[in-house]
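For reference, protein22.csv is printed below; it contains CSV, C-alpha atoms.
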chain,number,residue,atom,x,y,z
L,1,MET,CA,0.0,0.0,0.0
L,2,GLU,CA,1.9,3.0,-1.3
L,3,ASP,CA,1.6,6.3,0.3
L,4,GLN,CA,2.5,8.2,-2.8
L,5,LYS,CA,-1.0,7.4,-4.0
L,6,ASP,CA,-2.2,10.3,-1.8
L,7,ARG,CA,0.2,12.7,-3.5
L,8,ASP,CA,-0.8,11.5,-7.0
L,9,THR,CA,-3.3,13.4,-9.2
L,10,GLU,CA,-6.1,11.2,-7.9
L,11,SER,CA,-7.6,12.8,-4.9
L,12,ARG,CA,-8.3,11.2,-1.6
L,13,LEU,CA,-12.0,11.3,-2.2
L,14,ASP,CA,-11.6,9.5,-5.5
L,15,LEU,CA,-9.7,6.7,-3.8
L,16,GLN,CA,-12.3,6.5,-1.0
L,17,THR,CA,-15.1,6.5,-3.5
L,18,ARG,CA,-13.5,3.6,-5.3
L,19,PHE,CA,-13.3,1.6,-2.1
L,20,ILE,CA,-16.9,2.4,-1.2
L,21,ILE,CA,-18.0,1.2,-4.6
L,22,GLU,CA,-15.8,-2.0,-4.4
L,23,ILE,CA,-17.1,-3.1,-1.0
L,24,ASP,CA,-20.7,-3.1,-2.4
L,25,LYS,CA,-19.8,-6.6,-3.7
L,26,LEU,CA,-19.9,-7.9,-0.1
L,27,LYS,CA,-23.7,-7.9,-0.6
L,28,HIS,CA,-23.3,-10.7,-3.1
L,29,ILE,CA,-21.2,-13.0,-0.9
L,30,THR,CA,-23.6,-15.7,0.3
L,31,ARG,CA,-23.1,-17.5,3.6
L,32,ARG,CA,-24.1,-21.1,4.4
L,33,THR,CA,-26.5,-20.1,7.1
L,34,ARG,CA,-30.0,-18.7,6.6
L,35,LEU,CA,-32.1,-15.8,7.9
L,36,PHE,CA,-33.9,-16.5,11.1
L,37,ASP,CA,-37.2,-17.0,9.2
L,38,ASN,CA,-35.4,-19.6,6.9
L,39,SER,CA,-36.5,-17.8,3.8
L,40,ARG,CA,-33.0,-17.4,2.2
L,41,HIS,CA,-29.3,-17.4,2.8
L,42,GLU,CA,-27.7,-14.5,4.6
L,43,ASN,CA,-25.1,-12.4,2.8
L,44,ASP,CA,-21.9,-11.0,4.3
L,45,ALA,CA,-23.0,-7.3,4.4
L,46,GLU,CA,-26.2,-8.2,6.4
L,47,HIS,CA,-24.1,-10.4,8.6
L,48,GLY,CA,-21.7,-7.5,9.3
L,49,TRP,CA,-24.6,-5.3,10.3
L,50,HIS,CA,-26.2,-7.9,12.5
L,51,LEU,CA,-22.9,-8.7,14.3
L,52,ALA,CA,-22.4,-5.0,15.0
L,53,MET,CA,-25.9,-4.8,16.6
L,54,MET,CA,-25.2,-8.0,18.5
L,55,ALA,CA,-21.9,-6.7,19.8
L,56,MET,CA,-23.5,-3.5,21.0
L,57,THR,CA,-26.3,-5.4,22.7
L,58,LEU,CA,-24.2,-8.1,24.3
L,59,ALA,CA,-21.0,-6.2,25.2
L,60,GLU,CA,-21.6,-6.6,28.9
L,61,TYR,CA,-20.9,-10.4,28.6
L,62,SER,CA,-17.3,-10.0,27.4
L,63,ASN,CA,-14.9,-11.8,29.7
L,64,LYS,CA,-12.7,-8.7,29.8
L,65,PRO,CA,-13.3,-5.0,29.5
L,66,ILE,CA,-13.5,-4.0,25.9
L,67,ASP,CA,-13.6,-0.9,23.7
L,68,ILE,CA,-17.0,-1.7,22.1
L,69,ASN,CA,-16.5,0.9,19.3
L,70,LYS,CA,-13.4,-1.0,18.2
L,71,VAL,CA,-15.4,-4.3,18.3
L,72,VAL,CA,-18.1,-2.7,16.1
L,73,ARG,CA,-15.6,-1.4,13.6
L,74,MET,CA,-13.9,-4.8,13.6
L,75,VAL,CA,-17.0,-6.9,12.8
L,76,LEU,CA,-18.0,-4.4,10.1
L,77,VAL,CA,-14.7,-4.9,8.4
L,78,HIS,CA,-13.9,-8.5,9.1
L,79,ASP,CA,-15.5,-10.2,6.1
L,80,ILE,CA,-14.5,-7.7,3.4
L,81,VAL,CA,-11.7,-10.0,2.3
L,82,GLU,CA,-14.4,-12.5,1.3
L,83,ILE,CA,-15.1,-10.4,-1.8
L,84,ASP,CA,-12.0,-12.0,-3.3
L,85,ALA,CA,-11.6,-15.1,-1.1
L,86,GLY,CA,-15.2,-16.2,-0.8
L,87,ASP,CA,-17.0,-17.5,2.3
L,88,THR,CA,-15.4,-20.5,3.9
L,89,PHE,CA,-17.7,-22.9,5.7
L,90,LEU,CA,-16.5,-23.3,9.3
L,91,TYR,CA,-16.6,-27.1,9.1
L,92,ASP,CA,-14.6,-27.4,5.8
L,93,ASP,CA,-11.1,-28.0,7.1
L,94,ALA,CA,-9.5,-28.3,3.7
L,95,ALA,CA,-10.9,-24.9,2.6
L,96,ALA,CA,-9.7,-23.4,5.8
L,97,LEU,CA,-6.1,-24.2,5.0
L,98,ARG,CA,-6.4,-22.6,1.6
L,99,LYS,CA,-8.1,-19.5,2.7
L,100,GLU,CA,-5.4,-17.8,4.7
L,101,GLU,CA,-3.2,-16.8,1.7
L,102,ALA,CA,-6.2,-15.8,-0.4
L,103,GLU,CA,-7.6,-13.6,2.4
L,104,ARG,CA,-4.2,-11.9,2.9
L,105,LYS,CA,-4.0,-11.0,-0.8
L,106,ALA,CA,-7.6,-9.8,-0.7
L,107,ALA,CA,-6.8,-7.5,2.3
L,108,GLU,CA,-3.9,-6.0,0.3
L,109,ARG,CA,-6.0,-5.4,-2.7
L,110,ILE,CA,-9.2,-4.2,-1.2
L,111,PHE,CA,-8.0,-2.1,1.7
L,112,GLY,CA,-5.2,-1.0,-0.6
L,113,LEU,CA,-7.8,0.9,-2.7
L,114,LEU,CA,-8.0,3.5,0.1
L,115,PRO,CA,-5.5,6.3,0.9
L,116,GLY,CA,-2.4,4.8,2.7
L,117,ASP,CA,-3.4,5.9,6.2
L,118,GLN,CA,-6.9,4.4,6.0
L,119,ALA,CA,-5.7,1.3,4.2
L,120,ARG,CA,-3.3,0.6,7.1
L,121,GLU,CA,-5.9,1.3,9.7
L,122,LEU,CA,-8.5,-1.1,8.2
L,123,LYS,CA,-6.0,-3.8,7.4
L,124,SER,CA,-4.6,-3.7,10.9
L,125,LEU,CA,-8.2,-3.9,12.3
L,126,TRP,CA,-8.7,-7.0,10.1
L,127,GLU,CA,-5.4,-8.5,11.2
L,128,GLU,CA,-6.3,-7.9,14.8
L,129,PHE,CA,-9.6,-9.7,14.3
L,130,GLU,CA,-7.8,-12.7,12.6
L,131,ALA,CA,-5.1,-13.0,15.3
L,132,ARG,CA,-7.7,-13.2,18.1
L,133,LEU,CA,-5.2,-11.9,20.7
L,134,SER,CA,-6.9,-8.7,22.0
L,135,ALA,CA,-10.0,-8.7,24.2
L,136,GLU,CA,-11.8,-6.9,21.4
L,137,ALA,CA,-10.9,-9.5,18.8
L,138,ARG,CA,-11.9,-12.3,21.1
L,139,PHE,CA,-15.3,-10.8,21.8
L,140,ALA,CA,-15.8,-10.0,18.1
L,141,ALA,CA,-14.9,-13.7,17.2
L,142,ALA,CA,-17.3,-15.0,19.9
L,143,ILE,CA,-20.2,-12.9,18.3
L,144,ASP,CA,-19.2,-14.1,14.8
L,145,ARG,CA,-19.6,-17.7,16.0
L,146,LEU,CA,-22.8,-17.1,18.0
L,147,GLU,CA,-24.8,-15.7,15.1
L,148,PRO,CA,-24.6,-18.8,12.9
L,149,MET,CA,-25.4,-21.1,15.9
L,150,MET,CA,-28.5,-18.9,16.5
L,151,GLN,CA,-29.4,-19.1,12.8
L,152,ASN,CA,-29.1,-22.9,12.8
L,153,ALA,CA,-31.0,-23.3,16.0
L,154,LEU,CA,-33.9,-21.1,14.6
L,155,THR,CA,-34.0,-22.7,11.2
L,156,ALA,CA,-34.4,-26.3,12.3
L,157,GLY,CA,-30.6,-26.9,11.9
L,158,HIS,CA,-30.6,-26.0,8.2
L,159,ALA,CA,-26.8,-25.8,7.6
L,160,TRP,CA,-26.0,-28.4,10.2
L,161,LYS,CA,-28.2,-30.9,8.6
L,162,LYS,CA,-27.3,-30.0,5.0
L,163,HIS,CA,-23.6,-30.4,5.8
L,164,ASN,CA,-24.0,-33.3,8.2
L,165,VAL,CA,-22.5,-31.5,11.2
L,166,SER,CA,-22.9,-33.1,14.7
L,167,ARG,CA,-23.0,-31.4,18.1
L,168,GLY,CA,-19.5,-32.7,18.8
L,169,GLN,CA,-18.2,-30.8,15.8
L,170,VAL,CA,-20.1,-27.6,16.7
L,171,VAL,CA,-18.7,-27.7,20.2
L,172,GLN,CA,-15.1,-28.5,19.0
L,173,LYS,CA,-15.1,-25.6,16.5
L,174,ASN,CA,-16.9,-23.0,18.5
L,175,ARG,CA,-16.3,-23.6,22.2
L,176,PRO,CA,-12.7,-22.4,22.3
L,177,VAL,CA,-13.5,-19.3,20.3
L,178,VAL,CA,-16.7,-18.3,22.0
L,179,GLU,CA,-15.5,-19.1,25.6
L,180,ALA,CA,-12.3,-17.0,25.0
L,181,GLY,CA,-14.5,-14.0,24.3
L,182,SER,CA,-17.4,-14.7,26.7
L,183,LYS,CA,-18.0,-17.6,29.1
L,184,LYS,CA,-21.6,-16.4,29.6
L,185,LEU,CA,-22.3,-16.5,25.8
L,186,TRP,CA,-20.8,-20.0,25.5
L,187,LYS,CA,-23.2,-21.1,28.3
L,188,PHE,CA,-26.1,-19.6,26.3
L,189,ALA,CA,-24.8,-21.4,23.1
L,190,GLU,CA,-24.6,-24.7,24.9
L,191,GLU,CA,-28.3,-24.4,25.9
L,192,LEU,CA,-29.2,-23.6,22.2
L,193,LEU,CA,-27.3,-26.8,21.2
L,194,ALA,CA,-28.9,-28.9,23.8
L,195,ARG,CA,-32.4,-27.8,22.7
L,196,ALA,CA,-31.5,-28.4,19.0
L,197,VAL,CA,-30.4,-32.0,19.9
L,198,GLU,CA,-33.6,-32.6,21.8
L,199,SER,CA,-35.7,-31.3,18.8
L,200,GLY,CA,-33.8,-33.5,16.4
L,201,HIS,CA,-32.3,-30.5,14.6
L,202,LEU,CA,-28.7,-31.4,15.5
L,203,GLN,CA,-27.3,-34.9,15.6
L,204,GLU,CA,-25.8,-36.0,18.9
Z,1,MET,CA,-40.3,1.1,28.3
Z,2,GLU,CA,-40.6,-0.3,31.8
Z,3,ASP,CA,-37.6,-0.9,33.9
Z,4,GLN,CA,-39.3,-3.5,36.0
Z,5,LYS,CA,-38.8,-5.8,33.0
Z,6,ASP,CA,-35.2,-6.2,34.2
Z,7,ARG,CA,-36.3,-7.4,37.5
Z,8,ASP,CA,-38.9,-9.8,36.1
Z,9,THR,CA,-38.3,-13.5,35.8
Z,10,GLU,CA,-37.1,-13.0,32.2
Z,11,SER,CA,-33.3,-12.5,32.3
Z,12,ARG,CA,-31.6,-9.6,30.5
Z,13,LEU,CA,-30.0,-12.0,28.1
Z,14,ASP,CA,-33.5,-13.4,27.2
Z,15,LEU,CA,-34.7,-9.8,26.4
Z,16,GLN,CA,-31.5,-9.1,24.4
Z,17,THR,CA,-31.9,-12.3,22.4
Z,18,ARG,CA,-35.5,-11.4,21.6
Z,19,PHE,CA,-34.3,-8.1,20.2
Z,20,ILE,CA,-31.5,-9.7,18.2
Z,21,ILE,CA,-33.9,-12.1,16.7
Z,22,GLU,CA,-36.5,-9.4,16.0
Z,23,ILE,CA,-34.1,-7.1,14.1
Z,24,ASP,CA,-33.2,-9.9,11.6
Z,25,LYS,CA,-36.4,-8.7,9.9
Z,26,LEU,CA,-34.5,-5.6,8.7
Z,27,LYS,CA,-32.9,-7.9,6.1
Z,28,HIS,CA,-36.4,-8.2,4.5
Z,29,ILE,CA,-37.1,-4.4,4.2
Z,30,THR,CA,-36.4,-3.5,0.6
Z,31,ARG,CA,-35.3,-0.1,-0.5
Z,32,ARG,CA,-36.1,1.7,-3.8
Z,33,THR,CA,-32.5,1.9,-4.8
Z,34,ARG,CA,-30.4,-0.9,-6.3
Z,35,LEU,CA,-27.0,-2.4,-5.7
Z,36,PHE,CA,-24.1,-0.8,-7.6
Z,37,ASP,CA,-24.2,-3.6,-10.2
Z,38,ASN,CA,-27.9,-3.0,-10.7
Z,39,SER,CA,-28.7,-6.7,-10.0
Z,40,ARG,CA,-31.3,-6.3,-7.3
Z,41,HIS,CA,-32.7,-3.8,-4.8
Z,42,GLU,CA,-30.8,-3.2,-1.6
Z,43,ASN,CA,-32.2,-4.1,1.8
Z,44,ASP,CA,-32.1,-2.0,5.0
Z,45,ALA,CA,-29.6,-4.2,6.8
Z,46,GLU,CA,-27.0,-4.1,4.0
Z,47,HIS,CA,-27.7,-0.3,3.7
Z,48,GLY,CA,-26.9,0.1,7.4
Z,49,TRP,CA,-23.6,-1.8,7.0
Z,50,HIS,CA,-22.6,0.2,3.9
Z,51,LEU,CA,-23.4,3.6,5.6
Z,52,ALA,CA,-21.3,2.6,8.6
Z,53,MET,CA,-18.4,1.8,6.3
Z,54,MET,CA,-18.9,5.1,4.3
Z,55,ALA,CA,-19.1,7.1,7.6
Z,56,MET,CA,-15.8,5.5,8.7
Z,57,THR,CA,-14.2,6.2,5.3
Z,58,LEU,CA,-15.5,9.8,4.8
Z,59,ALA,CA,-15.5,11.1,8.4
Z,60,GLU,CA,-12.8,13.7,7.5
Z,61,TYR,CA,-15.3,15.6,5.4
Z,62,SER,CA,-17.7,16.4,8.2
Z,63,ASN,CA,-18.2,20.2,8.5
Z,64,LYS,CA,-17.7,19.9,12.2
Z,65,PRO,CA,-15.6,17.6,14.5
Z,66,ILE,CA,-17.6,14.5,15.2
Z,67,ASP,CA,-17.5,11.4,17.4
Z,68,ILE,CA,-17.3,8.9,14.5
Z,69,ASN,CA,-18.2,6.0,16.8
Z,70,LYS,CA,-21.5,7.6,17.6
Z,71,VAL,CA,-22.1,8.2,13.9
Z,72,VAL,CA,-21.5,4.5,13.2
Z,73,ARG,CA,-23.8,3.4,16.0
Z,74,MET,CA,-26.4,5.9,14.7
Z,75,VAL,CA,-26.4,4.7,11.1
Z,76,LEU,CA,-26.6,1.0,12.2
Z,77,VAL,CA,-29.7,1.7,14.3
Z,78,HIS,CA,-31.4,4.4,12.2
Z,79,ASP,CA,-33.6,2.2,10.0
Z,80,ILE,CA,-34.7,-0.4,12.5
Z,81,VAL,CA,-38.0,1.3,12.9
Z,82,GLU,CA,-38.7,0.4,9.3
Z,83,ILE,CA,-39.4,-3.2,10.3
Z,84,ASP,CA,-42.8,-1.9,11.3
Z,85,ALA,CA,-43.1,1.4,9.4
Z,86,GLY,CA,-41.6,0.2,6.1
Z,87,ASP,CA,-39.2,2.1,3.8
Z,88,THR,CA,-40.5,5.5,2.7
Z,89,PHE,CA,-39.3,6.8,-0.7
Z,90,LEU,CA,-37.6,10.2,-0.2
Z,91,TYR,CA,-39.7,11.8,-3.0
Z,92,ASP,CA,-43.1,10.5,-1.8
Z,93,ASP,CA,-44.2,13.5,0.2
Z,94,ALA,CA,-47.6,12.1,1.2
Z,95,ALA,CA,-45.9,9.0,2.7
Z,96,ALA,CA,-43.4,11.2,4.6
Z,97,LEU,CA,-46.3,12.8,6.5
Z,98,ARG,CA,-47.7,9.5,7.6
Z,99,LYS,CA,-44.4,7.9,8.5
Z,100,GLU,CA,-43.5,10.0,11.6
Z,101,GLU,CA,-46.1,8.5,13.9
Z,102,ALA,CA,-45.6,4.9,12.6
Z,103,GLU,CA,-41.9,5.2,13.2
Z,104,ARG,CA,-42.3,6.5,16.7
Z,105,LYS,CA,-44.5,3.6,17.6
Z,106,ALA,CA,-42.1,1.2,16.0
Z,107,ALA,CA,-39.2,2.6,18.0
Z,108,GLU,CA,-41.2,2.1,21.2
Z,109,ARG,CA,-42.0,-1.5,20.3
Z,110,ILE,CA,-38.7,-2.7,18.9
Z,111,PHE,CA,-36.2,-0.9,21.1
Z,112,GLY,CA,-38.6,-1.6,23.9
Z,113,LEU,CA,-37.8,-5.4,23.6
Z,114,LEU,CA,-34.4,-4.6,25.2
Z,115,PRO,CA,-33.8,-4.1,28.9
Z,116,GLY,CA,-34.7,-0.6,29.9
Z,117,ASP,CA,-31.2,0.9,29.9
Z,118,GLN,CA,-30.4,-0.3,26.5
Z,119,ALA,CA,-33.9,0.5,25.1
Z,120,ARG,CA,-33.4,4.1,26.2
Z,121,GLU,CA,-29.9,4.3,24.7
Z,122,LEU,CA,-30.9,3.0,21.3
Z,123,LYS,CA,-34.1,5.0,21.2
Z,124,SER,CA,-32.3,8.2,22.1
Z,125,LEU,CA,-29.7,7.4,19.3
Z,126,TRP,CA,-32.5,7.1,16.8
Z,127,GLU,CA,-34.2,10.3,18.1
Z,128,GLU,CA,-30.9,12.2,17.8
Z,129,PHE,CA,-30.6,10.9,14.2
Z,130,GLU,CA,-34.2,12.0,13.3
Z,131,ALA,CA,-33.8,15.5,14.9
Z,132,ARG,CA,-30.7,16.2,12.9
Z,133,LEU,CA,-29.4,18.8,15.4
Z,134,SER,CA,-26.1,17.3,16.5
Z,135,ALA,CA,-23.0,17.3,14.3
Z,136,GLU,CA,-23.1,13.5,14.4
Z,137,ALA,CA,-26.7,13.3,13.3
Z,138,ARG,CA,-26.0,15.8,10.5
Z,139,PHE,CA,-23.1,13.8,9.2
Z,140,ALA,CA,-25.0,10.5,9.5
Z,141,ALA,CA,-27.9,12.1,7.5
Z,142,ALA,CA,-25.5,13.4,4.8
Z,143,ILE,CA,-24.1,9.8,4.3
Z,144,ASP,CA,-27.6,8.4,4.3
Z,145,ARG,CA,-28.5,10.7,1.4
Z,146,LEU,CA,-25.2,10.2,-0.4
Z,147,GLU,CA,-25.5,6.4,-0.8
Z,148,PRO,CA,-28.7,6.4,-2.8
Z,149,MET,CA,-27.4,9.2,-5.1
Z,150,MET,CA,-24.3,7.1,-5.7
Z,151,GLN,CA,-26.6,4.0,-6.3
Z,152,ASN,CA,-28.7,5.9,-8.8
Z,153,ALA,CA,-25.7,7.4,-10.5
Z,154,LEU,CA,-24.1,3.9,-10.9
Z,155,THR,CA,-27.3,2.2,-12.1
Z,156,ALA,CA,-28.1,4.5,-15.0
Z,157,GLY,CA,-30.6,6.4,-12.7
Z,158,HIS,CA,-32.7,3.3,-12.0
Z,159,ALA,CA,-34.9,4.8,-9.2
Z,160,TRP,CA,-34.8,8.3,-10.5
Z,161,LYS,CA,-36.2,7.2,-13.9
Z,162,LYS,CA,-38.7,4.7,-12.5
Z,163,HIS,CA,-40.2,7.3,-10.2
Z,164,ASN,CA,-39.8,10.2,-12.6
Z,165,VAL,CA,-37.5,12.3,-10.4
Z,166,SER,CA,-35.7,15.3,-11.8
Z,167,ARG,CA,-32.4,16.9,-10.9
Z,168,GLY,CA,-34.3,19.8,-9.4
Z,169,GLN,CA,-36.1,17.4,-7.0
Z,170,VAL,CA,-32.9,15.6,-6.1
Z,171,VAL,CA,-31.2,18.9,-5.3
Z,172,GLN,CA,-34.2,20.3,-3.3
Z,173,LYS,CA,-34.5,17.1,-1.1
Z,174,ASN,CA,-30.8,16.4,-0.6
Z,175,ARG,CA,-28.8,19.6,-0.7
Z,176,PRO,CA,-30.0,21.0,2.6
Z,177,VAL,CA,-29.4,17.7,4.4
Z,178,VAL,CA,-26.0,16.8,2.8
Z,179,GLU,CA,-24.6,20.3,3.0
Z,180,ALA,CA,-25.5,20.6,6.7
Z,181,GLY,CA,-23.3,17.5,7.3
Z,182,SER,CA,-20.6,18.1,4.7
Z,183,LYS,CA,-20.2,20.8,2.2
Z,184,LYS,CA,-17.4,18.8,0.5
Z,185,LEU,CA,-19.7,15.8,0.0
Z,186,TRP,CA,-22.4,17.9,-1.4
Z,187,LYS,CA,-19.9,19.3,-3.9
Z,188,PHE,CA,-19.1,15.6,-4.8
Z,189,ALA,CA,-22.8,14.8,-5.1
Z,190,GLU,CA,-23.4,17.8,-7.4
Z,191,GLU,CA,-20.7,16.4,-9.7
Z,192,LEU,CA,-22.4,13.0,-9.7
Z,193,LEU,CA,-25.7,14.7,-10.6
Z,194,ALA,CA,-24.2,16.8,-13.4
Z,195,ARG,CA,-22.7,13.7,-15.0
Z,196,ALA,CA,-26.0,11.8,-14.6
Z,197,VAL,CA,-27.8,14.6,-16.5
Z,198,GLU,CA,-25.1,14.6,-19.2
Z,199,SER,CA,-25.5,10.8,-19.6
Z,200,GLY,CA,-29.3,11.1,-19.8
Z,201,HIS,CA,-29.8,9.2,-16.5
Z,202,LEU,CA,-31.4,12.1,-14.8
Z,203,GLN,CA,-33.8,14.6,-16.3
Z,204,GLU,CA,-32.8,18.2,-16.1
Can you dump the structure from the file as structure tokens?
Amino acid sequence: MEDQKDRDTESRLDLQTRFIIEIDKLKHITRRTRLFDNSRHENDAEHGWHLAMMAMTLAEYSNKPIDINKVVRMVLVHDIVEIDAGDTFLYDDAAALRKEEAERKAAERIFGLLPGDQARELKSLWEEFEARLSAEARFAAAIDRLEPMMQNALTAGHAWKKHNVSRGQVVQKNRPVVEAGSKKLWKFAEELLARAVESGHLQE
Amino acid sequence: MEDQKDRDTESRLDLQTRFIIEIDKLKHITRRTRLFDNSRHENDAEHGWHLAMMAMTLAEYSNKPIDINKVVRMVLVHDIVEIDAGDTFLYDDAAALRKEEAERKAAERIFGLLPGDQARELKSLWEEFEARLSAEARFAAAIDRLEPMMQNALTAGHAWKKHNVSRGQVVQKNRPVVEAGSKKLWKFAEELLARAVESGHLQE
């Protein structure tokens, strides 16, 4: 991400406009999970909005004190790399191995459309989310895992059933991440999963 | 919004979960404008996400210093009332008169699903947006007007043409609002409109 861009003939606002136009494509990236009324799949832009609202609503359950504004910015930005790299299903381990390099390149290209200072800021926010080391990143990741569990629980286990996912797998993939951000929200998720097993929406 | 709710048997997390589930409906509220690639109409949840990203990217053009985090929260929340009240087309003056009461009731009902403290916080954020008196609300409103102008400009004037809107009407409705938040962004919008008229996408 070259700083000379800012000094070029193209104005900051032109660069910013190009970024704003480019990220519209996130509205076309379809996720595996469905809206709560099971009418259609969710897209990444809607998902970003819902995570931000969930983070604002559930901030009090973070294990550690957090800067909620940073969490909100982080969840809004975290999936933008999927414009190039696509959505990876959490339970597809082979795809998970491939996605890291693709997402890194996507971050360079897409955040790199912005003036240098803003490109660095958003890229670093995305990197912080991915590294899951700060309290903010841990809480953001917990929320990012909670939404699809709620979506599955409310749509009779749509994606779980379709992709043959068991409670054991859901717990294995999500417990470490959700618990690291919020023990209270993991407890809530466990109750969702138990009810889904009882209702036959999730295989034991 | 009764505070005793918090002390009732229903826990805070139950109330918060109910709100999180309710606002999923915003993904079904369709706007008049279309995605930048003209493939389909935008919905309110995607719109909220895009406005938040635009606000973060364009904050430097606010006429006055702003708390950008407040602007982000405000644009995320501002359309939730449309779950009950529906989307009102900016150029439909009769509908604009009817919407105020419907939106006020919607705010009571939907934010009122939350525990009292959070219900008050989000409702007051929405009221601040609607009143357009603070620097944050003015900048949020400017961004909220800029996105549809960009969408129309990039989709050969789709909603302008369909609803027979002229440049004079676009300027009359948007100039006072956008200029109050950002003179620089209004100048940018004027250039968009001039190019749209030249291309025959907007009637003079």
For chain Z, list the residues within 7 Å of chain L, counting only C-alpha atoms, and write the list as an NGL selection string.
-> :Z and (16 or 20 or 24 or 27 or 36 or 45-46 or 48-49 or 54 or 57 or 69 or 76)
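Across the structure, atom CA of Gly157 of chain Z and atom CA of His201 of chain Z are spaced 4.8 Å apart.
Here atom CA of Val197 of chain L is placed at a distance of 18.8 Å from atom CA of Arg34 of chain L.
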Please identify all polymer residues within 12 Å of Asp92 of chain Z, counting only C-alpha atoms, omitting same-chain residues fewer than 5 positions from it, and present them as a list in words.
-> Arg32, Asp87, Leu97, Arg98, Lys99, His163, Asn164, Val165, Gln169 and Lys173 of chain Z
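Between atom CA of Ala95 of chain Z and atom CA of Arg40 of chain L the interatomic distance comes to 29.4 Å.
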For a quick check of your reading of the model, name the residues lying within 10 Å of the coordinate (-14.7, -13.8, 27.8), counting all atoms listed in the file, and write them as a PDB file with C-alpha atoms, in the frame of the given file.
ATOM      1  CA  TYR L  61     -20.900 -10.400  28.600  1.00  0.00           C
ATOM      2  CA  SER L  62     -17.300 -10.000  27.400  1.00  0.00           C
ATOM      3  CA  ASN L  63     -14.900 -11.800  29.700  1.00  0.00           C
ATOM      4  CA  LYS L  64     -12.700  -8.700  29.800  1.00  0.00           C
ATOM      5  CA  PRO L  65     -13.300  -5.000  29.500  1.00  0.00           C
ATOM      6  CA  ALA L 135     -10.000  -8.700  24.200  1.00  0.00           C
ATOM      7  CA  GLU L 136     -11.800  -6.900  21.400  1.00  0.00           C
ATOM      8  CA  ARG L 138     -11.900 -12.300  21.100  1.00  0.00           C
ATOM      9  CA  PHE L 139     -15.300 -10.800  21.800  1.00  0.00           C
ATOM     10  CA  ALA L 142     -17.300 -15.000  19.900  1.00  0.00           C
ATOM     11  CA  VAL L 177     -13.500 -19.300  20.300  1.00  0.00           C
ATOM     12  CA  VAL L 178     -16.700 -18.300  22.000  1.00  0.00           C
ATOM     13  CA  GLU L 179     -15.500 -19.100  25.600  1.00  0.00           C
ATOM     14  CA  ALA L 180     -12.300 -17.000  25.000  1.00  0.00           C
ATOM     15  CA  GLY L 181     -14.500 -14.000  24.300  1.00  0.00           C
ATOM     16  CA  SER L 182     -17.400 -14.700  26.700  1.00  0.00           C
ATOM     17  CA  LYS L 183     -18.000 -17.600  29.100  1.00  0.00           C
ATOM     18  CA  LYS L 184     -21.600 -16.400  29.600  1.00  0.00           C
ATOM     19  CA  LEU L 185     -22.300 -16.500  25.800  1.00  0.00           C
ATOM     20  CA  TRP L 186     -20.800 -20.000  25.500  1.00  0.00           C
TER      21      TRP L 186
END
